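Shown next, in structure tokens, is the structure this report addresses.
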Amino acid sequence: MDRLTEQTAARIDTLDTAEIYGEVTKILGLLVEIAGFGSGLSIGSICHLRPNAVIDVPCEVVGFRDGHALLMPFGTLEGIGLGCRAYLQQTQPVVTPDERWLGRVINARGQPIDGLGPLKVGGLAVPLKNRPPPPHSRQRLGRQLDLGVRAVNSFLATCQGQRMGIFSGSGVGKSVLLSMMARYTSADVSVIGLVGERGREVQEFLEDDLGPEGLARSVVIVATGDEPALMRRQAAYMTLAVAEYFRIQGRQVLCLIDSVTRFAMAQREIGLSAGEPPTSKGYPPTTFGELARLLERAGPGGPGEGSITGLFSVLVEGDDHNEPVSDAVRGIVDGHIVMERAIADRGRYPAINILKSISRSMPAILNDEQNTIIRRARQVVSTYEDMAELLRLGAYRRGSDPAVDEALVLYPQIEAFLRQNKDERTSIEDSFVKLAAIMGLPYAQ
């Protein structure tokens, strides 16, 4: 009995003598101001608002003003009022993925939303806001990654560990293109982040676009457009954190985020609420810094690790490919795939403009035969596009220019080559065999 008493006394001695908490002093929209904690808070700290034993609203510190901390919630503020207590979460936000997460759909906080039960907890904790690997320790880009789409496999060859931006206006087909790549890629694992997606379309994406086969080797992170800005932003962080886990395991990972623009919009909402000055098109300065930190996390890992091939869609506002987010992303990634509404309007999907798109790993990744085929095909498309207006007006007479005459014959065949149904897969070799046959050039498999 004496021994038990001693153990109990020792345990009591280790307990805190006081409970430290802050209190809500002001609520303005989704911005919560709290007092307390002194110097114990910093940007990014997580606090929990608990007005009673039932309600628990996690929030993140996004700024400070007049000695008070400014918080934004991950959920709704129903039940939160003045004087509500705020408790500091002592640990850094991390995620603990596991191999058994494949085939699962989770939210931005790492909680399952597919009704298939709780997630298994892995043994490696990955910080949500992880830093990119040091530049001097990263490996070089790997060999070409098969993405299953003819236009990309040939004209826009992509290496393992490369980062590509997919630039498109709304309704041009970027989500379908991403789903084709996720379903048909030769990568070991796909990690897909749906940031600010329409809630109605999530199930359609999973069942119709991605399909059971694609979902079985994917982890899908979802934050719909009606969720708070912090959840939409954190969905992108969660996507990269899960991808980094598989990269550490030595896997080749295909990471897709649809879309980076909605991540930037969420960051804009957070920054403006915290009092940041608006700059280009209302985006505060932190938006572009966060974009760089997010996208730099993709790419090759260190020695013994795999790589993350990143495909990041950019929703081009007003079809202006020079708007601020598009311009910033284009300067960060290793190439860009431009999708145009005019191409989609004439019924060719995926609506990729191969003349305006570029992969920075080309031509080094292709052999001489492949480069010759691509160079000739681009010349034909360029010649036809340059003469398109005259051809529509009937102002060109056949026989005037041999190069234009050749383009008139070959361009419809190249257009047919670029057209691909979402249920159709084409490997790298098959892509070059078909294109070489169109161009009448030799190609040894």
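Residue numbers start at 1 in each chain; chains themselves are named A, B, ... in the order of the structure tokens; ligands are numbered from 1 in the order shown.
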> Could you name the residues that touch segment 29-46 of chain A at 9 Å or less, counting only C-alpha atoms, but leaving out those on the same chain fewer than 2 positions away, as a ChimeraX atom specification?
Replying inline: /A:20-27,48,58-65,67-73,76-77,83,85-93,228,273-274
> Excluding same-chain residues fewer than 3 positions from segment 300-315 of chain A, what lies within 7 Å of it counting only C-alpha atoms, as a PyMOL selection string?
Replying inline: chain A and resi 133+137-141+160-170+243+247-261+326
>> Quick one: residues within 10 Å of segment 293-295 of chain A, only C-alpha atoms, excluding same-chain residues fewer than 2 positions away - as number ranges by chain?
In response: A: 129-132, 163-164, 236-237, 240, 260, 263, 288-291, 297-299, 310-312, 329, 332-333
Selection export as a PDB file, in the first residue's frame, atoms kept: C-alpha atoms:
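See result-v2.pdb below for the written result:
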ATOM      1  CA  LYS A 129       4.501  21.715 -43.910  1.00  0.00           C
ATOM      2  CA  ASN A 130       7.654  19.788 -44.678  1.00  0.00           C
ATOM      3  CA  ARG A 131      10.679  21.466 -46.204  1.00  0.00           C
ATOM      4  CA  PRO A 132      11.906  20.490 -49.683  1.00  0.00           C
ATOM      5  CA  ARG A 163       7.150  18.915 -62.274  1.00  0.00           C
ATOM      6  CA  MET A 164       4.691  19.966 -64.964  1.00  0.00           C
ATOM      7  CA  ALA A 236      -2.418  20.574 -50.796  1.00  0.00           C
ATOM      8  CA  TYR A 237       0.001  20.204 -47.867  1.00  0.00           C
ATOM      9  CA  LEU A 240       2.581  16.474 -50.712  1.00  0.00           C
ATOM     10  CA  VAL A 260      -3.021  24.963 -57.557  1.00  0.00           C
ATOM     11  CA  PHE A 263      -4.730  26.651 -53.198  1.00  0.00           C
ATOM     12  CA  PHE A 288       3.618  33.350 -54.190  1.00  0.00           C
ATOM     13  CA  GLY A 289       6.090  32.328 -51.489  1.00  0.00           C
ATOM     14  CA  GLU A 290       3.750  29.515 -50.386  1.00  0.00           C
ATOM     15  CA  LEU A 291       3.352  28.390 -54.007  1.00  0.00           C
ATOM     16  CA  ARG A 297       8.565  19.677 -52.321  1.00  0.00           C
ATOM     17  CA  ALA A 298       7.932  17.536 -55.401  1.00  0.00           C
ATOM     18  CA  GLY A 299      10.803  16.163 -57.454  1.00  0.00           C
ATOM     19  CA  GLY A 310       4.290  16.442 -59.990  1.00  0.00           C
ATOM     20  CA  LEU A 311       1.408  17.380 -62.287  1.00  0.00           C
ATOM     21  CA  PHE A 312      -0.234  20.557 -61.043  1.00  0.00           C
ATOM     22  CA  VAL A 329       3.669  28.596 -61.434  1.00  0.00           C
ATOM     23  CA  ILE A 332       8.581  27.311 -60.809  1.00  0.00           C
ATOM     24  CA  VAL A 333       7.767  24.093 -62.667  1.00  0.00           C
TER      25      VAL A 333
END
>> List as a PyMOL selection string the protein and nucleic acid residues near segment 120-125 of chain A, meaning an atom at most 6 Å away when only C-alpha atoms are counted, but skip any in the same chain fewer than 5 places from it.
In response: chain A and resi 94-98
Hey, what does DSSP flag as helix (DSSP H, G or I) within segment 92-301 of chain A? Can you give it to me as an mmCIF file with C-alpha atoms, in the first residue's frame?
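Once written, selection-v6.cif looks like this:
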data_model
loop_
_atom_site.group_PDB
_atom_site.id
_atom_site.type_symbol
_atom_site.label_atom_id
_atom_site.label_comp_id
_atom_site.auth_asym_id
_atom_site.auth_seq_id
_atom_site.Cartn_x
_atom_site.Cartn_y
_atom_site.Cartn_z
ATOM 1 C CA GLU A 99 0.931 1.357 -47.339
ATOM 2 C CA ARG A 100 -2.650 0.399 -46.491
ATOM 3 C CA TRP A 101 -3.797 3.947 -47.289
ATOM 4 C CA PRO A 135 19.337 20.924 -53.343
ATOM 5 C CA HIS A 136 22.806 19.382 -53.000
ATOM 6 C CA SER A 137 21.399 16.028 -51.841
ATOM 7 C CA ARG A 150 -0.161 9.990 -76.619
ATOM 8 C CA ALA A 151 0.247 13.769 -76.792
ATOM 9 C CA VAL A 152 2.202 13.867 -73.521
ATOM 10 C CA ASN A 153 4.277 10.715 -74.071
ATOM 11 C CA SER A 154 5.516 12.014 -77.421
ATOM 12 C CA PHE A 155 5.431 15.808 -77.698
ATOM 13 C CA LYS A 174 -7.890 19.286 -67.342
ATOM 14 C CA SER A 175 -9.518 17.076 -64.674
ATOM 15 C CA VAL A 176 -10.163 14.327 -67.226
ATOM 16 C CA LEU A 177 -6.566 14.582 -68.472
ATOM 17 C CA LEU A 178 -5.285 14.262 -64.901
ATOM 18 C CA SER A 179 -7.483 11.231 -64.279
ATOM 19 C CA MET A 180 -6.177 9.552 -67.457
ATOM 20 C CA MET A 181 -2.603 10.034 -66.271
ATOM 21 C CA ALA A 182 -3.422 8.731 -62.784
ATOM 22 C CA ARG A 183 -5.130 5.649 -64.215
ATOM 23 C CA TYR A 184 -2.609 4.764 -66.928
ATOM 24 C CA GLY A 199 -18.632 18.198 -54.023
ATOM 25 C CA ARG A 200 -20.916 16.736 -56.683
ATOM 26 C CA GLU A 201 -17.994 15.820 -58.915
ATOM 27 C CA VAL A 202 -15.854 13.959 -56.369
ATOM 28 C CA GLN A 203 -17.731 10.671 -56.628
ATOM 29 C CA GLU A 204 -17.882 10.972 -60.420
ATOM 30 C CA PHE A 205 -14.108 11.491 -60.517
ATOM 31 C CA LEU A 206 -13.494 8.442 -58.321
ATOM 32 C CA GLU A 207 -15.882 6.065 -60.097
ATOM 33 C CA ASP A 208 -15.926 7.233 -63.733
ATOM 34 C CA ASP A 209 -12.629 9.030 -64.347
ATOM 35 C CA LEU A 210 -10.182 7.316 -61.985
ATOM 36 C CA GLY A 211 -11.975 3.970 -61.882
ATOM 37 C CA PRO A 212 -11.440 1.025 -59.486
ATOM 38 C CA GLU A 213 -8.082 0.128 -61.048
ATOM 39 C CA GLY A 214 -6.694 3.645 -60.675
ATOM 40 C CA LEU A 215 -8.105 4.096 -57.164
ATOM 41 C CA ALA A 216 -6.544 0.827 -55.969
ATOM 42 C CA ALA A 229 -9.829 28.243 -46.566
ATOM 43 C CA LEU A 230 -7.516 26.482 -44.105
ATOM 44 C CA MET A 231 -8.911 23.082 -45.123
ATOM 45 C CA ARG A 232 -8.476 23.863 -48.826
ATOM 46 C CA ARG A 233 -4.908 25.008 -48.272
ATOM 47 C CA GLN A 234 -4.076 22.074 -46.015
ATOM 48 C CA ALA A 235 -5.387 19.600 -48.607
ATOM 49 C CA ALA A 236 -2.418 20.574 -50.796
ATOM 50 C CA TYR A 237 0.001 20.204 -47.867
ATOM 51 C CA MET A 238 -1.509 16.809 -47.040
ATOM 52 C CA THR A 239 -1.143 15.678 -50.670
ATOM 53 C CA LEU A 240 2.581 16.474 -50.712
ATOM 54 C CA ALA A 241 3.128 14.942 -47.255
ATOM 55 C CA VAL A 242 1.575 11.616 -48.301
ATOM 56 C CA ALA A 243 3.572 11.671 -51.552
ATOM 57 C CA GLU A 244 6.763 12.351 -49.577
ATOM 58 C CA TYR A 245 6.090 9.298 -47.401
ATOM 59 C CA PHE A 246 5.998 7.018 -50.439
ATOM 60 C CA ARG A 247 9.080 8.746 -51.894
ATOM 61 C CA ILE A 248 10.992 7.996 -48.689
ATOM 62 C CA VAL A 260 -3.021 24.963 -57.557
ATOM 63 C CA THR A 261 -5.096 28.070 -58.311
ATOM 64 C CA ARG A 262 -7.632 27.158 -55.616
ATOM 65 C CA PHE A 263 -4.730 26.651 -53.198
ATOM 66 C CA ALA A 264 -3.572 30.181 -54.068
ATOM 67 C CA MET A 265 -7.109 31.525 -53.608
ATOM 68 C CA ALA A 266 -7.308 29.913 -50.167
ATOM 69 C CA GLN A 267 -3.961 31.473 -49.239
ATOM 70 C CA ARG A 268 -5.240 34.832 -50.514
ATOM 71 C CA GLU A 269 -8.304 34.544 -48.299
ATOM 72 C CA ILE A 270 -6.145 33.711 -45.283
ATOM 73 C CA GLY A 271 -3.613 36.460 -45.970
ATOM 74 C CA LEU A 272 -6.189 39.195 -46.497
ATOM 75 C CA SER A 273 -8.079 38.172 -43.343
ATOM 76 C CA SER A 280 -1.285 41.659 -57.916
ATOM 77 C CA LYS A 281 -5.014 40.933 -58.509
ATOM 78 C CA GLY A 282 -5.596 40.981 -54.771
ATOM 79 C CA PRO A 285 2.849 38.553 -51.130
ATOM 80 C CA THR A 286 2.800 35.343 -49.058
ATOM 81 C CA THR A 287 0.737 33.579 -51.742
ATOM 82 C CA PHE A 288 3.618 33.350 -54.190
ATOM 83 C CA GLY A 289 6.090 32.328 -51.489
ATOM 84 C CA GLU A 290 3.750 29.515 -50.386
ATOM 85 C CA LEU A 291 3.352 28.390 -54.007
ATOM 86 C CA ALA A 292 7.121 27.994 -54.385
ATOM 87 C CA ARG A 293 7.454 26.138 -51.062
ATOM 88 C CA LEU A 294 4.635 23.775 -51.989
ATOM 89 C CA LEU A 295 5.763 22.911 -55.524
#
> So how far away is atom CA of Arg348 of chain A from atom CA of Gln420 of chain A, in Å?
Replying inline: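 Computing it gives 8.1 Å between the two atoms.
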> Quick one: residues within 8 Å of Ile414 of chain A, only C-alpha atoms counted, chain neighbours fewer than 4 positions away excluded, as a list of chain:residue names?
Replying inline: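 Skipping anything fewer than 4 positions along the chain leaves A:Ala377, A:Val381, A:Leu410, A:Leu418, A:Leu435, A:Ile438.
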> Which parts of segment 326-390 of chain A does DSSP call strand (DSSP E or B) when run on the backbone here, written out as a list of chain:residue names?
Replying inline: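 DSSP on the backbone gives strand (DSSP E or B) at A:Gly335, A:His336, A:Ile337, A:Val338, A:Met339, A:Ile352, A:Ile358, A:Ser359.
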>> Just the number, please: distance in Å from atom CA of Arg397 of chain A to atom CA of Gln413 of chain A, one decimal.
In response: 20.9 Å
> Val380 of chain A: which residues within 8 Å, counting only C-alpha atoms, same-chain residues fewer than 6 positions away excluded, as a ChimeraX atom specification?
Replying inline: /A:403,406-407,410-411
Take the selection from the previous step and output its residues with N, CA and C atoms, as a compact mmCIF listing (two decimals), in the first residue's frame.
# COMPACT_ATOMS: atom_id res chain seq x y z
N ALA A 403 5.87 22.68 -98.60
CA ALA A 403 5.72 22.47 -97.16
C ALA A 403 4.26 22.61 -96.73
N GLU A 406 2.34 19.56 -97.94
CA GLU A 406 2.57 18.41 -97.05
C GLU A 406 1.75 18.57 -95.76
N ALA A 407 1.70 19.78 -95.23
CA ALA A 407 0.95 20.02 -94.00
C ALA A 407 -0.54 19.77 -94.20
N LEU A 410 -0.81 15.96 -93.86
CA LEU A 410 -0.42 15.34 -92.60
C LEU A 410 -1.14 15.91 -91.38
N TYR A 411 -1.53 17.18 -91.42
CA TYR A 411 -2.13 17.81 -90.24
C TYR A 411 -3.38 17.07 -89.74
> Got a sec: who's within 12 Å of segment 367-369 of chain A, counting only C-alpha atoms, leaving out chain neighbours fewer than 4 positions off, as a ChimeraX atom specification?
Replying inline: /A:143-144,154,157,362-363,373-376,432-433,435-436,441-445
> Can you tell me how far atom CA of Leu102 of chain A sits from atom CA of Ala223 of chain A, in Å to one decimal?
Replying inline: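 So the two atoms, atom CA of Leu102 of chain A and atom CA of Ala223 of chain A, lie 18.1 Å apart.
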